[in-house]
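Remarks on the structure that follows.
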There are 2 protein chains.
Amino acid sequence: MSKTFEKLQPYLDKSMALQAARSLFEWDDETAAPYEAAEYTSKVIGILSNEYMDSLINDEVRKLLKKLQEDKEQEELTETEKAIVKELAKIYDQLESVPPKEYRAFNELTSKSSRIWAKARKDNRYEDFAPYLNQVIDYKKKFASYRAKKGKKAYEVLLNDFDECFGIKELDEFFNKVKENLIPLLKEVGHKADTIDKSYNFKSYDISKQKEFCRFLSGYVGFDFNRGVIAESAHPFTTQLHNHDVRITNRFIEDNLESAMFSIIHESGHAIYEMNIDDSLTQTLVGGGTSMGMHEAQSRFFENNIGRSREFWEPLYDRLVNTYPENLKEVSLENFIKGINKAAPSLIRTEADELSYPLHILIRYEIEKMIFDGEVNVDELPKVWNKKYQEYMGITPPDDANGILQDTHWSQGEFGYFPSYAIGSAVAAQIHYHMLDIMPFNQYLLDGNLTPIREYLKDSIHKYGATKNTNELLKDMTGEEFNADYYIKYLREKYQKLYKL
Amino acid sequence: MSKTFEKLQPYLDKSMALQAARSLFEWDDETAAPYEAAEYTSKVIGILSNEYMDSLINDEVRKLLKKLQEDKEQEELTETEKAIVKELAKIYDQLESVPPKEYRAFNELTSKSSRIWAKARKDNRYEDFAPYLNQVIDYKKKFASYRAKKGKKAYEVLLNDFDECFGIKELDEFFNKVKENLIPLLKEVGHKADTIDKSYNFKSYDISKQKEFCRFLSGYVGFDFNRGVIAESAHPFTTQLHNHDVRITNRFIEDNLESAMFSIIHESGHAIYEMNIDDSLTQTLVGGGTSMGMHEAQSRFFENNIGRSREFWEPLYDRLVNTYPENLKEVSLENFIKGINKAAPSLIRTEADELSYPLHILIRYEIEKMIFDGEVNVDELPKVWNKKYQEYMGITPPDDANGILQDTHWSQGEFGYFPSYAIGSAVAAQIHYHMLDIMPFNQYLLDGNLTPIREYLKDSIHKYGATKNTNELLKDMTGEEFNADYYIKYLREKYQKLYKL
């Protein structure tokens, strides 16, 4: 065992404990904490966050890291240790490049700008948010420039923070396919959307029955209630303290059947990934999912590829009808499957269907690129935004609240994040076709037996945590690296079948 | 402002943040965390606990503390800062006296011995627990001896950890009064207990209605839901992150009306104390209640002095009857008041009524004294225990599970803790008589207006946090230090009236 790594261990353990505490505070804030707690609790969280930083970024760890990166030291490391050292180097690269004073100022700015954004969206006043957005962008450009070696573009740096496998080249290629294929497909599908009657979805659904059915669904797809809990929050999310404590939230809308059902399947997908990470990796720097994109692939695989399929609902639909007979007894399984897959151009990303969703992401990707290439200034963004929605979706937002102000990400400086959502869907499609090839996938769904599917995901992806990157996982699992053609094929086949195009 | 204190501040802030994190983990463990999380989470909690210790016990803080205790430095301190320095000195006295190696060994022992105790109680095998109890006692004796200056007894040292105002002399005096007066009173009352029909209490009470009524009761006595939350746990308790985030739990038993109602009033009393502590004190070392005894005084004042009074229920009882008309419509308010105050000798402390409760504590106090005076060895304890129950209560436990094994405290090394429970009741009685003197106390209860009562408690006790000790608070509030005569008087008057003795 490496003596040097041994010396590093207490620092890693401390950072892990502080990170777990931060996760618990975040969870608690969203699900349990009283209304007036925030002001005082933020003092606690601020100190814990500083301690977290200090536990990793300090002279002793810097020295150990440098030593561990030497060839001779590398030889003594296990594969997991090597992955941890690599991850630590990445953290140093991200954080050490920024002068602490600037980093603090940036955090203060984003804390303020996200409040300003929330109010601006409510008031439909982009002009109130614009000056803050401008400052956030300036900081992100500056921070990226500190790290942009060898002529790397600023946006490239930001993208790689979310997934080292996806830079501008890869995403340009991906989004070109999306643009070329999915814009015409959505147009075609959108024209037929009116033939689908989805009125059942907007009847009144008793909340306590929704809760019970969603809990059942979560367990059905594989959420382990001995290692996880479900609570309620304003927006569904997943968090974890470690692989034996994974938590998801849901929210319930009385006149919307789908919303909570597909949210819980989505979050269960995230949770199953985290629960399946190997015991030897949890509570280390490589003990979480490997990338935003791969995480989103798991949640969307469960939500869409599995959860919106006819095979999934075949053994379940009677149970759903019997839960709400007054609303559903006249709705056939066939109509229900059409309903949950109804697709049409839309304005709001978070409410978009599976087909229009990637176009929302495409628009954000193109705009983020323009921002970081200096091709557009902040004041022009609403115009650019609306123009792209008209061009790609055929609709124009009636106001900025339903347009450029809809997402919180930019107010928090999260540029380069959006592409992960679309990458996730594409990875899910690639995994899906592979599994259709190698196992009686649809028969498993028809039998209500998701265990072999989950076990295969565990053995091919989940258990590795962040020790392999997205492409390494895909290559080892499917025989090829990321390939967006499966995604296009999946959506085309699906909607051709549904709409008899 | 004191430069030296300023240097201390970051250490205090850090310890406060880590303490808040520990409280949140504890709360979460009891109310939310999944079943299998404990093993991995304990690693997190262990590290946070060590960090907490390190944040306070280190060379720099030791140096600053020593300096701050000098006369010249004291002159520059505010009253709050002086109290903080005093509290810090107390922590150093408690923790620094014990060699770290022994402290760790002790913590490992108690972690083990509390598991052994739980199993021994379940199996009714005291002999399995005895060797561990013996070791725990040896450690406590040794630790106390490190700190016992000037011939102070070991038990005295332990008692003072819970309240500096109550040592052996004060408690001997107190418990002698309890013994002399309450044993004969309980005998007298116990003979008449059969004349009270309490069968209504054990009918079936819908849990969701119980929850709703308990939530109402909590708000009625003054729990502020903007600054606190209620959850469920196996045993009711109160915890807090600061004065704007105070949390209580409750548990519900279907065939017991009283259990959850009086638990929630009790915990609300603890919570109101913490919520009322001044903003300038919260998140400091003196930002909690001043002592176990004073805390218990607040919870018991609300539970018993207020919550079991006829005046409290007069405006509320109709609401209770209307909540469960099928069970209560035949039960008069008078019979209900008799029922909730029914008293008789009992075996189990946590289920005891207001009158027999202090006798349970008396027995534990006498036994703890014997243990630390070396007058009894561990093997003889069950015999001593049973003899005292026979002598004071007139009943003998049928087995050790219902006798000496019933409480967890000793397995965790908590000796000197029990007296606080009885002290709390006695302080509550003293406060009660004082308030009857200076305000239309009962009229407030009849009017359903508890605000003036709560405000007075806030201004006389709560807001000071731990900057004044129990006797200082009582003296400033009532004009005299602790006086147990009020307690005897209160119980005698109460039961004479109820039972027409």
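Identifiers in the structure tokens: chain A, B, ... in order shown; residue index from 1 per chain; ligand index from 1 in order shown.
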
Chain B contacts to chain A at 10 Å (only C-alpha atoms) as a PyMOL selection string: chain B and resi 10+13-22+24-25+28+32-48+50-51+224-231+241-247+279+282-283

Env of range 128-135 of chain B: 7 Å cut, atoms = only C-alpha atoms, seq-sep filter 6 positions within chain, self excluded. Answer as a PDB file with C-alpha atoms, in the first residue's frame.
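Final output, saved to part.pdb:
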```pdb
ATOM      1  CA  SER B 113     -22.440  -1.288  26.219  1.00  0.00           C
ATOM      2  CA  ILE B 116     -25.444  -4.888  25.048  1.00  0.00           C
ATOM      3  CA  TRP B 117     -27.902  -3.146  27.370  1.00  0.00           C
ATOM      4  CA  ALA B 120     -30.008  -7.583  27.844  1.00  0.00           C
ATOM      5  CA  VAL B 378     -22.695  -4.033  40.310  1.00  0.00           C
ATOM      6  CA  ASP B 379     -23.903  -7.576  40.977  1.00  0.00           C
ATOM      7  CA  SER B 411     -25.234   2.104  29.659  1.00  0.00           C
TER       8      SER B 411
END
```

Those of range 87-235 of chain B in DSSP strand (DSSP E), formatted as number ranges by chain: B: 228-232

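One finds CA of Val221 in chain A at 6.4 Å from CA of Leu450 in chain A.
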
DSSP alpha helix (DSSP H) residues within range 75-226 of chain B, as a PyMOL selection string: chain B and resi 75+79-96+100-123+126-147+154-162+168-192+207-221

9 Å contact set for range 434-437 of chain B, only C-alpha atoms, chain neighbours under 2 positions out, as a list in words: Ala429, Gln430, Ile431, His432, Met439, Pro440, Phe441, Asn442, Ile453, Tyr456, Met477 and Thr478 of chain B

Shell of 10 Å around Ser233 in chain A, only C-alpha atoms, local chain residues under 3 positions omitted, as number ranges by chain: A: 27-32, 230, 236-237, 248-252

Near-Arg104 in chain B list (12 Å; only C-alpha atoms; drop same-chain fewer than 2 positions) as a PDB file with N, CA and C atoms, in the first residue's frame:
```pdb
ATOM      1  N   GLY B  46     -18.550  10.280  13.101  1.00  0.00           N
ATOM      2  CA  GLY B  46     -17.306  10.149  13.861  1.00  0.00           C
ATOM      3  C   GLY B  46     -16.317  11.244  13.482  1.00  0.00           C
ATOM      4  N   SER B  49     -17.496  14.648  14.692  1.00  0.00           N
ATOM      5  CA  SER B  49     -17.323  14.763  16.145  1.00  0.00           C
ATOM      6  C   SER B  49     -15.875  15.068  16.493  1.00  0.00           C
ATOM      7  N   ASN B  50     -14.948  14.372  15.826  1.00  0.00           N
ATOM      8  CA  ASN B  50     -13.532  14.674  16.057  1.00  0.00           C
ATOM      9  C   ASN B  50     -13.198  16.108  15.669  1.00  0.00           C
ATOM     10  N   MET B  53     -14.355  18.436  18.352  1.00  0.00           N
ATOM     11  CA  MET B  53     -13.416  18.449  19.473  1.00  0.00           C
ATOM     12  C   MET B  53     -12.175  19.265  19.117  1.00  0.00           C
ATOM     13  N   LEU B  95     -13.009  17.980  29.350  1.00  0.00           N
ATOM     14  CA  LEU B  95     -12.400  17.154  28.312  1.00  0.00           C
ATOM     15  C   LEU B  95     -10.887  17.053  28.405  1.00  0.00           C
ATOM     16  N   VAL B  98      -9.042  14.354  30.663  1.00  0.00           N
ATOM     17  CA  VAL B  98      -9.018  12.939  30.302  1.00  0.00           C
ATOM     18  C   VAL B  98      -8.036  12.711  29.155  1.00  0.00           C
ATOM     19  N   PRO B  99      -7.081  11.763  29.331  1.00  0.00           N
ATOM     20  CA  PRO B  99      -6.169  11.461  28.225  1.00  0.00           C
ATOM     21  C   PRO B  99      -6.979  10.991  27.004  1.00  0.00           C
ATOM     22  N   PRO B 100      -6.671  11.542  25.815  1.00  0.00           N
ATOM     23  CA  PRO B 100      -7.453  11.216  24.609  1.00  0.00           C
ATOM     24  C   PRO B 100      -7.640   9.717  24.386  1.00  0.00           C
ATOM     25  N   LYS B 101      -6.599   8.946  24.711  1.00  0.00           N
ATOM     26  CA  LYS B 101      -6.673   7.502  24.493  1.00  0.00           C
ATOM     27  C   LYS B 101      -7.780   6.892  25.369  1.00  0.00           C
ATOM     28  N   GLU B 102      -7.834   7.340  26.607  1.00  0.00           N
ATOM     29  CA  GLU B 102      -8.874   6.819  27.507  1.00  0.00           C
ATOM     30  C   GLU B 102     -10.261   7.290  27.065  1.00  0.00           C
ATOM     31  N   PHE B 106     -13.285   4.862  26.147  1.00  0.00           N
ATOM     32  CA  PHE B 106     -14.565   5.000  26.843  1.00  0.00           C
ATOM     33  C   PHE B 106     -15.713   5.112  25.829  1.00  0.00           C
ATOM     34  N   ASN B 107     -15.515   5.910  24.800  1.00  0.00           N
ATOM     35  CA  ASN B 107     -16.571   6.059  23.793  1.00  0.00           C
ATOM     36  C   ASN B 107     -16.861   4.742  23.082  1.00  0.00           C
ATOM     37  N   GLU B 108     -15.790   3.989  22.815  1.00  0.00           N
ATOM     38  CA  GLU B 108     -16.015   2.677  22.205  1.00  0.00           C
ATOM     39  C   GLU B 108     -16.783   1.764  23.153  1.00  0.00           C
ATOM     40  N   LEU B 109     -16.413   1.834  24.424  1.00  0.00           N
ATOM     41  CA  LEU B 109     -17.096   1.010  25.416  1.00  0.00           C
ATOM     42  C   LEU B 109     -18.588   1.346  25.498  1.00  0.00           C
ATOM     43  N   THR B 110     -18.924   2.636  25.587  1.00  0.00           N
ATOM     44  CA  THR B 110     -20.338   2.992  25.758  1.00  0.00           C
ATOM     45  C   THR B 110     -21.135   2.681  24.494  1.00  0.00           C
ATOM     46  N   SER B 111     -20.486   2.834  23.347  1.00  0.00           N
ATOM     47  CA  SER B 111     -21.176   2.464  22.115  1.00  0.00           C
ATOM     48  C   SER B 111     -21.550   0.984  22.167  1.00  0.00           C
ATOM     49  N   TYR B 139     -14.689   3.685  34.516  1.00  0.00           N
ATOM     50  CA  TYR B 139     -14.228   4.830  33.723  1.00  0.00           C
ATOM     51  C   TYR B 139     -14.755   6.135  34.304  1.00  0.00           C
TER      52      TYR B 139
END
```
